[in-house]
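Novice: To be precise about what I am sending: the file is called entry27.cif and holds mmCIF, C-alpha atoms.
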data_query
loop_
_atom_site.label_atom_id
_atom_site.label_comp_id
_atom_site.auth_asym_id
_atom_site.auth_seq_id
_atom_site.Cartn_x
_atom_site.Cartn_y
_atom_site.Cartn_z
CA SER A 1 9.94 16.00 -39.91
CA VAL A 2 8.12 13.04 -38.39
CA LYS A 3 9.56 10.66 -40.99
CA LEU A 4 13.09 11.86 -40.23
CA ILE A 5 12.53 11.31 -36.52
CA GLU A 6 11.19 7.83 -37.21
CA SER A 7 14.20 7.05 -39.42
CA TYR A 8 16.69 8.17 -36.78
CA SER A 9 14.80 6.21 -34.15
CA ALA A 10 14.85 3.06 -36.28
CA GLY A 11 18.56 3.56 -36.90
CA ASP A 12 19.27 3.93 -33.18
CA PHE A 13 20.54 7.51 -33.31
CA PRO A 14 19.12 8.90 -30.04
CA GLU A 15 20.98 12.22 -30.19
CA ARG A 16 19.60 12.96 -33.65
CA VAL A 17 16.11 11.92 -32.53
CA LEU A 18 16.31 14.38 -29.65
CA GLU A 19 17.60 17.14 -31.89
CA GLU A 20 14.86 16.63 -34.49
CA LYS A 21 12.11 16.55 -31.87
CA GLU A 22 13.37 19.86 -30.54
CA ASN A 23 13.45 21.22 -34.11
CA PHE A 24 9.87 20.00 -34.65
CA VAL A 25 8.65 21.79 -31.52
CA ALA A 26 10.45 24.97 -32.52
CA ARG A 27 9.04 24.76 -36.06
CA TYR A 28 5.42 23.97 -35.21
CA GLY A 29 4.94 24.88 -31.54
CA LEU A 30 4.24 28.03 -29.54
CA GLY A 31 5.66 31.20 -31.02
CA SER A 32 6.44 29.62 -34.39
CA ASP A 33 5.54 31.27 -37.71
CA PHE A 34 3.61 28.10 -38.57
CA ARG A 35 1.39 28.41 -35.53
CA LYS A 36 0.74 32.09 -36.22
CA SER A 37 -0.20 31.69 -39.88
CA ALA A 38 -1.27 28.09 -40.61
CA ALA A 39 -4.90 27.17 -41.10
CA THR A 40 -6.66 25.31 -38.29
CA ALA A 41 -6.64 22.05 -40.25
CA MET A 42 -2.88 22.26 -40.70
CA ARG A 43 -2.31 22.95 -37.00
CA GLU A 44 -4.54 20.04 -36.07
CA SER A 45 -2.59 17.74 -38.38
CA VAL A 46 0.65 18.28 -36.46
CA ALA A 47 -0.95 18.47 -33.01
CA PRO A 48 -0.70 14.73 -32.13
CA HIS A 49 3.03 14.69 -32.93
CA LEU A 50 3.60 17.99 -31.14
CA LYS A 51 1.85 16.68 -28.05
CA THR A 52 3.93 13.51 -28.03
CA TYR A 53 7.25 15.27 -28.57
CA LEU A 54 6.61 17.92 -25.90
CA SER A 55 5.87 15.21 -23.36
CA GLU A 56 8.88 13.15 -24.39
CA LEU A 57 11.26 16.12 -24.33
CA ALA A 58 10.05 17.26 -20.92
CA ARG A 59 10.47 13.79 -19.46
CA HIS A 60 13.85 13.33 -21.13
CA TYR A 61 15.33 16.47 -19.57
CA HIS A 62 13.65 15.73 -16.25
CA ALA A 63 15.21 12.26 -16.18
CA LEU A 64 18.58 13.70 -17.23
CA ALA A 65 18.41 16.24 -14.40
CA GLN A 66 17.47 13.57 -11.86
CA ALA A 67 20.39 11.40 -12.97
CA GLY A 68 22.68 14.40 -12.61
CA SER A 69 21.30 15.06 -9.13
CA ARG A 70 22.11 11.51 -8.10
CA GLU A 71 25.64 11.86 -9.49
CA LEU A 72 26.05 15.14 -7.62
CA GLN A 73 24.97 13.51 -4.36
CA ALA A 74 27.50 10.74 -4.95
CA LEU A 75 30.24 13.31 -5.54
CA GLU A 76 29.33 15.16 -2.37
CA SER A 77 29.49 11.89 -0.47
CA ALA A 78 32.90 11.21 -2.04
CA ASP A 79 34.19 14.45 -0.50
CA GLU A 80 34.07 12.65 2.84
CA ILE A 81 36.31 9.87 1.51
CA PRO A 82 40.11 10.31 1.81
CA VAL A 83 41.61 11.63 -1.43
CA LYS A 84 43.70 8.51 -2.06
CA GLU A 85 40.57 6.34 -1.94
CA ARG A 86 38.50 8.37 -4.43
CA SER A 87 37.95 7.10 -7.97
CA GLU A 88 39.41 8.86 -11.01
CA LYS A 89 35.87 9.56 -12.21
CA ASP A 90 35.02 11.40 -8.99
CA GLU A 91 38.17 13.49 -9.28
CA ALA A 92 37.48 14.33 -12.95
CA VAL A 93 34.01 15.83 -12.42
CA ASP A 94 33.67 19.43 -11.22
CA PRO A 95 30.66 19.50 -8.85
CA GLU A 96 29.89 23.13 -9.65
CA VAL A 97 29.80 22.46 -13.38
CA LEU A 98 27.58 19.44 -12.82
CA ARG A 99 25.27 21.44 -10.52
CA GLY A 100 24.87 24.04 -13.28
CA GLU A 101 24.02 21.32 -15.80
CA VAL A 102 21.46 19.79 -13.44
CA ILE A 103 19.71 23.11 -12.88
CA ALA A 104 19.75 23.86 -16.62
CA ASN A 105 18.15 20.49 -17.38
CA TYR A 106 15.45 21.01 -14.74
CA ARG A 107 14.73 24.38 -16.37
CA ARG A 108 14.52 22.79 -19.82
CA ALA A 109 12.16 20.15 -18.49
CA GLY A 110 10.02 22.81 -16.86
CA ASP A 111 9.86 24.85 -20.03
CA TYR A 112 8.65 21.85 -22.03
CA TYR A 113 6.05 20.99 -19.38
CA GLN A 114 4.83 24.60 -19.50
CA ASN A 115 4.78 24.50 -23.28
CA PHE A 116 2.65 21.35 -23.19
CA ILE A 117 0.20 22.87 -20.68
CA THR A 118 -0.16 26.09 -22.67
CA THR A 119 -0.52 24.31 -26.01
CA PHE A 120 -2.92 21.61 -24.81
CA PRO A 121 -4.75 23.13 -21.81
CA ASN A 122 -7.64 20.67 -22.00
CA ALA A 123 -5.55 17.51 -22.26
CA ALA A 124 -6.13 14.83 -19.65
CA GLU A 125 -2.42 14.87 -18.85
CA VAL A 126 -2.38 18.51 -17.75
CA PRO A 127 -2.76 17.95 -13.96
CA GLU A 128 0.18 15.52 -14.01
CA MET A 129 2.20 17.87 -16.23
CA MET A 130 1.48 20.76 -13.86
CA TYR A 131 2.74 18.75 -10.90
CA LEU A 132 5.89 17.76 -12.80
CA LEU A 133 6.33 21.40 -13.82
CA ALA A 134 6.19 22.35 -10.14
CA GLU A 135 8.78 19.70 -9.27
CA ALA A 136 11.11 20.86 -12.05
CA ARG A 137 10.75 24.53 -11.05
CA PHE A 138 11.44 23.65 -7.42
CA GLU A 139 14.59 21.71 -8.29
CA SER A 140 15.83 24.51 -10.56
CA GLN A 141 15.38 26.89 -7.59
CA ASP A 142 12.60 28.85 -9.29
CA TYR A 143 10.55 28.90 -6.12
CA PRO A 144 7.88 31.41 -7.24
CA GLY A 145 7.28 29.28 -10.33
CA ALA A 146 7.10 26.14 -8.20
CA ILE A 147 4.64 27.74 -5.77
CA GLU A 148 2.34 28.83 -8.58
CA ALA A 149 2.31 25.37 -10.16
CA TYR A 150 1.95 23.49 -6.88
CA GLU A 151 -0.97 25.67 -5.81
CA THR A 152 -2.65 25.19 -9.19
CA VAL A 153 -2.54 21.43 -8.66
CA ALA A 154 -3.66 21.68 -5.04
CA TYR A 155 -6.53 24.14 -5.41
CA GLU A 156 -7.59 24.43 -9.05
CA TYR A 157 -7.57 20.80 -10.16
CA SER A 158 -9.55 17.92 -8.71
CA ASP A 159 -6.35 15.93 -8.34
CA HIS A 160 -7.04 13.65 -5.40
CA ARG A 161 -3.79 11.75 -5.83
CA ARG A 162 -1.44 14.73 -5.81
CA GLY A 163 -3.49 17.58 -4.35
CA ALA A 164 -2.43 17.35 -0.69
CA ASP A 165 1.22 16.72 -1.56
CA ALA A 166 1.17 19.69 -3.92
CA GLY A 167 -0.39 21.97 -1.30
CA TYR A 168 2.22 20.98 1.26
CA ALA A 169 5.05 21.27 -1.27
CA ALA A 170 3.94 24.86 -1.95
CA VAL A 171 4.50 25.65 1.73
CA VAL A 172 7.96 24.05 1.57
CA ALA A 173 8.73 26.12 -1.53
CA PHE A 174 7.76 29.28 0.38
CA ASP A 175 10.30 28.32 3.06
CA LYS A 176 13.01 27.86 0.44
CA LEU A 177 12.13 31.18 -1.17
CA LEU A 178 12.24 33.06 2.12
CA GLU A 179 15.70 31.63 2.78
CA SER A 180 16.96 32.92 -0.56
CA ILE A 181 15.63 36.49 -0.83
CA PRO A 182 16.72 39.78 0.79
CA ALA A 183 15.16 40.61 4.15
CA GLU A 184 13.32 43.64 2.77
CA GLU A 185 11.30 41.37 0.47
CA ASN A 186 10.35 38.92 3.21
CA GLU A 187 7.19 40.47 4.59
CA ALA A 188 5.08 40.24 1.43
CA TRP A 189 6.16 36.64 0.82
CA ARG A 190 5.60 35.72 4.49
CA GLN A 191 2.03 36.93 4.18
CA LEU A 192 1.54 34.84 1.06
CA LYS A 193 3.08 31.85 2.80
CA ILE A 194 0.66 32.17 5.72
CA THR A 195 -2.24 32.37 3.27
CA SER A 196 -0.98 29.20 1.62
CA GLU A 197 -0.63 27.44 4.98
CA LEU A 198 -4.16 28.37 6.03
CA ARG A 199 -5.48 27.30 2.66
CA PHE A 200 -3.75 23.94 2.94
CA ALA A 201 -5.03 23.34 6.46
CA GLN A 202 -8.57 24.16 5.42
CA ARG A 203 -8.68 22.24 2.13
CA TYR A 204 -6.81 19.19 3.40
CA ALA A 205 -7.91 19.22 7.04
CA SER A 206 -7.75 15.42 7.27
CA ASP A 207 -4.12 15.32 6.07
CA PRO A 208 -1.70 14.32 8.87
CA ARG A 209 0.40 17.43 8.13
CA ALA A 210 -2.48 19.90 8.40
CA SER A 211 -2.33 20.41 12.16
CA ALA A 212 1.38 21.28 12.19
CA VAL A 213 0.97 23.62 9.22
CA LEU A 214 -1.92 25.40 10.93
CA THR A 215 0.04 25.76 14.17
CA ARG A 216 2.96 27.26 12.28
CA ALA A 217 0.64 29.72 10.52
CA ALA A 218 -0.74 30.85 13.89
CA GLU A 219 2.80 31.30 15.26
CA GLU A 220 3.83 33.33 12.22
CA LEU A 221 0.77 35.56 12.57
CA LEU A 222 1.77 36.20 16.17
CA GLU A 223 5.27 37.13 15.04
CA LEU A 224 3.69 39.64 12.65
CA GLU A 225 1.55 40.93 15.55
CA ASP A 226 -1.63 39.92 13.75
CA TYR A 227 -3.24 38.74 16.97
CA ALA A 228 -6.75 38.51 15.57
CA GLY A 229 -5.56 36.40 12.67
CA ALA A 230 -3.60 34.16 15.03
CA VAL A 231 -6.67 33.57 17.18
CA VAL A 232 -8.75 32.65 14.11
CA ALA A 233 -6.02 30.30 12.83
CA ALA A 234 -5.66 28.63 16.22
CA GLY A 235 -9.40 28.07 16.33
CA GLN A 236 -9.67 26.31 12.97
#
Would you mind writing the file's structure down as structure tokens?
Specialist:
Amino acid sequence: SVKLIESYSAGDFPERVLEEKENFVARYGLGSDFRKSAATAMRESVAPHLKTYLSELARHYHALAQAGSRELQALESADEIPVKERSEKDEAVDPEVLRGEVIANYRRAGDYYQNFITTFPNAAEVPEMMYLLAEARFESQDYPGAIEAYETVAYEYSDHRRGADAGYAAVVAFDKLLESIPAEENEAWRQLKITSELRFAQRYASDPRASAVLTRAAEELLELEDYAGAVVAAGQ
């Protein structure tokens, strides 16, 4: 309950606060029996708390994942240090275990961002949440999910602050995806990538990256022997 969360927070029990916020979301959020059966007035009464806790949980796991990523980078740097000079802490941490934890936390963050967006689609925070969802999906190696979210920010929202970065990040996510999938699946995704590149170059023509993205799209169309498409792209 909200009172229990407030009590734990006042008593400085952060782990219990986190646990109870997660319980609250499970009890009153998407897919819960409460949400399926409660009257509108009842759902509206918990909505402000649900909105706050979803945002806080998403950001908590995102921050946890980012901290883990920094620790992982430090461990990888330590691999270049002679064994006798490494710290006991570096030796005690298994990088593969930590990498799994980092990915899991990015996935948790992404799930809470998605939950927020689905539950409160008209909230002013949604464009920012969608961008953070894209970032979390990218870092958890869910490249199709990242592409979808990035392109939503770039082309469906009037997000002048993040739009161009999101459009370009979608292209980067396509590259990562193509590196990770079997060759027989490449063609369909390459076509989608080219579409994304052309879309970026057209929507954000004044962006310094647009010219290089457009050139790459034209080159990829040539590789696919789509000569007409390559000529059109080169002429944009």
Novice: Would you work out the distance separating CA of Ala201 in chain A from CA of Glu223 in chain A, expressed in Å to one decimal?
Specialist: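 Result for CA of Ala201 in chain A versus CA of Glu223 in chain A: 19.2 Å, one decimal.
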Novice: Taking only C-alpha atoms into account, produce a table as JSON lines in which each residue of range 114-160 of chain A with an atom at most 8 Å from an atom of range 39-60 of chain A appears once, together with its shortest atom pair and the distance in Å to one decimal, ordered by chain and rising number.
Specialist:
{"residue": "A:Asn115", "atom": "CA", "partner": "A:Leu54", "partner_atom": "CA", "distance": 7.3}
{"residue": "A:Phe116", "atom": "CA", "partner": "A:Leu54", "partner_atom": "CA", "distance": 5.9}
{"residue": "A:Phe120", "atom": "CA", "partner": "A:Lys51", "partner_atom": "CA", "distance": 7.6}
Novice: Can you list, as a VMD selection string, every protein, DNA or RNA residue that comes within 10 Å of Asp175 in chain A when you count all atoms listed in the file, leaving out same-chain residues fewer than 3 positions away?
Specialist: chain A and resid 143 169 to 172 178 to 180 189 to 190 193
Novice: Apply the PyMOL selection byres ((chain A and resi 93-99) around 10) to the displayed file and report the matching residues as number ranges by chain.
Specialist: A: 65, 68-69, 71-73, 75-76, 88-92, 100-105, 140
Novice: If you count all atoms listed in the file, which residues fall within 9 Å of Met129 in chain A, apart from same-chain ones fewer than 2 positions away, as a list in words?
Specialist: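 The residues satisfying every condition are Ser55, Tyr113, Gln114, Phe116, Ile117, Glu125, Val126, Pro127, Tyr131, Leu132, Leu133 and Ala134 of chain A.
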Novice: When you draw a straight line from CA of Asp165 in chain A to CA of Leu177 in chain A, how long is it in Å?
Specialist: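 Separating CA of Asp165 in chain A from CA of Leu177 in chain A is a distance of 18.1 Å.
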Novice: I want to know what sits within 9 Å of range 157-159 of chain A, based on only C-alpha atoms, with residues of the same chain fewer than 5 positions away left out; could you give that as a list of chain:residue names?
Specialist: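 Those residues are A:Pro127, A:Glu128, A:Thr152, A:Ala164.
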Novice: Check what the PyMOL selection byres ((chain A and resi 145) around 10) selects in the file above and give those residues as a ChimeraX atom specification.
Specialist: /A:110,133-138,140-144,146-150,173
Novice: CA of Phe200 in chain A and CA of Tyr168 in chain A are how many Å apart?
Specialist: 6.9 Å
Novice: What would range 32-43 of chain A look like with all heavy atoms in place, written as a CSV table (one decimal), keeping the file's coordinate frame?
Specialist:
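After the write, out-v3.csv holds the following:
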chain,number,residue,atom,x,y,z
A,32,SER,N,5.9,29.9,-33.0
A,32,SER,CA,6.4,29.6,-34.4
A,32,SER,C,5.6,30.4,-35.4
A,32,SER,O,4.4,30.7,-35.2
A,32,SER,CB,6.4,28.1,-34.7
A,32,SER,OG,5.1,27.7,-34.8
A,33,ASP,N,6.3,30.6,-36.6
A,33,ASP,CA,5.5,31.3,-37.7
A,33,ASP,C,4.4,30.4,-38.2
A,33,ASP,O,3.3,30.8,-38.6
A,33,ASP,CB,6.5,31.5,-38.9
A,33,ASP,CG,7.5,32.6,-38.5
A,33,ASP,OD1,7.2,33.5,-37.6
A,33,ASP,OD2,8.6,32.7,-39.2
A,34,PHE,N,4.6,29.1,-38.1
A,34,PHE,CA,3.6,28.1,-38.6
A,34,PHE,C,2.4,28.3,-37.7
A,34,PHE,O,1.2,28.4,-38.2
A,34,PHE,CB,4.1,26.7,-38.4
A,34,PHE,CG,3.1,25.6,-38.7
A,34,PHE,CD1,2.8,25.2,-39.9
A,34,PHE,CD2,2.4,25.1,-37.6
A,34,PHE,CE1,1.8,24.2,-40.1
A,34,PHE,CE2,1.4,24.1,-37.8
A,34,PHE,CZ,1.1,23.7,-39.0
A,35,ARG,N,2.5,28.3,-36.4
A,35,ARG,CA,1.4,28.4,-35.5
A,35,ARG,C,0.6,29.7,-35.7
A,35,ARG,O,-0.6,29.8,-35.5
A,35,ARG,CB,1.8,28.2,-34.1
A,35,ARG,CG,0.7,27.9,-33.1
A,35,ARG,CD,1.2,27.4,-31.8
A,35,ARG,NE,0.1,27.1,-30.9
A,35,ARG,CZ,-0.6,25.9,-31.0
A,35,ARG,NH1,-0.2,25.0,-31.8
A,35,ARG,NH2,-1.6,25.7,-30.2
A,36,LYS,N,1.4,30.8,-36.1
A,36,LYS,CA,0.7,32.1,-36.2
A,36,LYS,C,-0.1,32.2,-37.5
A,36,LYS,O,-1.1,32.9,-37.6
A,36,LYS,CB,1.8,33.2,-36.2
A,36,LYS,CG,2.5,33.3,-34.9
A,36,LYS,CD,3.7,34.3,-35.0
A,36,LYS,CE,4.5,34.4,-33.7
A,36,LYS,NZ,5.7,35.3,-33.8
A,37,SER,N,0.4,31.5,-38.6
A,37,SER,CA,-0.2,31.7,-39.9
A,37,SER,C,-0.9,30.5,-40.5
A,37,SER,O,-1.7,30.7,-41.4
A,37,SER,CB,0.9,32.1,-40.9
A,37,SER,OG,1.9,31.1,-41.0
A,38,ALA,N,-0.7,29.3,-40.0
A,38,ALA,CA,-1.3,28.1,-40.6
A,38,ALA,C,-2.8,28.0,-40.3
A,38,ALA,O,-3.3,28.4,-39.3
A,38,ALA,CB,-0.6,26.8,-40.1
A,39,ALA,N,-3.5,27.4,-41.3
A,39,ALA,CA,-4.9,27.2,-41.1
A,39,ALA,C,-5.1,26.2,-40.0
A,39,ALA,O,-4.2,25.4,-39.6
A,39,ALA,CB,-5.5,26.6,-42.4
A,40,THR,N,-6.3,26.2,-39.4
A,40,THR,CA,-6.7,25.3,-38.3
A,40,THR,C,-6.4,23.8,-38.6
A,40,THR,O,-5.9,23.1,-37.8
A,40,THR,CB,-8.1,25.5,-37.9
A,40,THR,OG1,-8.3,26.9,-37.5
A,40,THR,CG2,-8.5,24.6,-36.7
A,41,ALA,N,-6.8,23.4,-39.8
A,41,ALA,CA,-6.6,22.0,-40.2
A,41,ALA,C,-5.2,21.6,-40.3
A,41,ALA,O,-4.8,20.5,-39.9
A,41,ALA,CB,-7.3,21.8,-41.6
A,42,MET,N,-4.3,22.6,-40.7
A,42,MET,CA,-2.9,22.3,-40.7
A,42,MET,C,-2.3,22.1,-39.3
A,42,MET,O,-1.5,21.2,-39.0
A,42,MET,CB,-2.1,23.4,-41.4
A,42,MET,CG,-2.3,23.3,-42.9
A,42,MET,SD,-1.5,21.9,-43.7
A,42,MET,CE,0.2,22.3,-43.5
A,43,ARG,N,-2.8,23.0,-38.4
A,43,ARG,CA,-2.3,23.0,-37.0
A,43,ARG,C,-2.8,21.7,-36.3
A,43,ARG,O,-2.0,21.0,-35.6
A,43,ARG,CB,-2.8,24.2,-36.2
A,43,ARG,CG,-2.2,25.5,-36.6
A,43,ARG,CD,-2.3,26.5,-35.5
A,43,ARG,NE,-3.7,26.8,-35.2
A,43,ARG,CZ,-4.5,27.7,-35.8
A,43,ARG,NH1,-4.0,28.4,-36.8
A,43,ARG,NH2,-5.7,27.8,-35.4
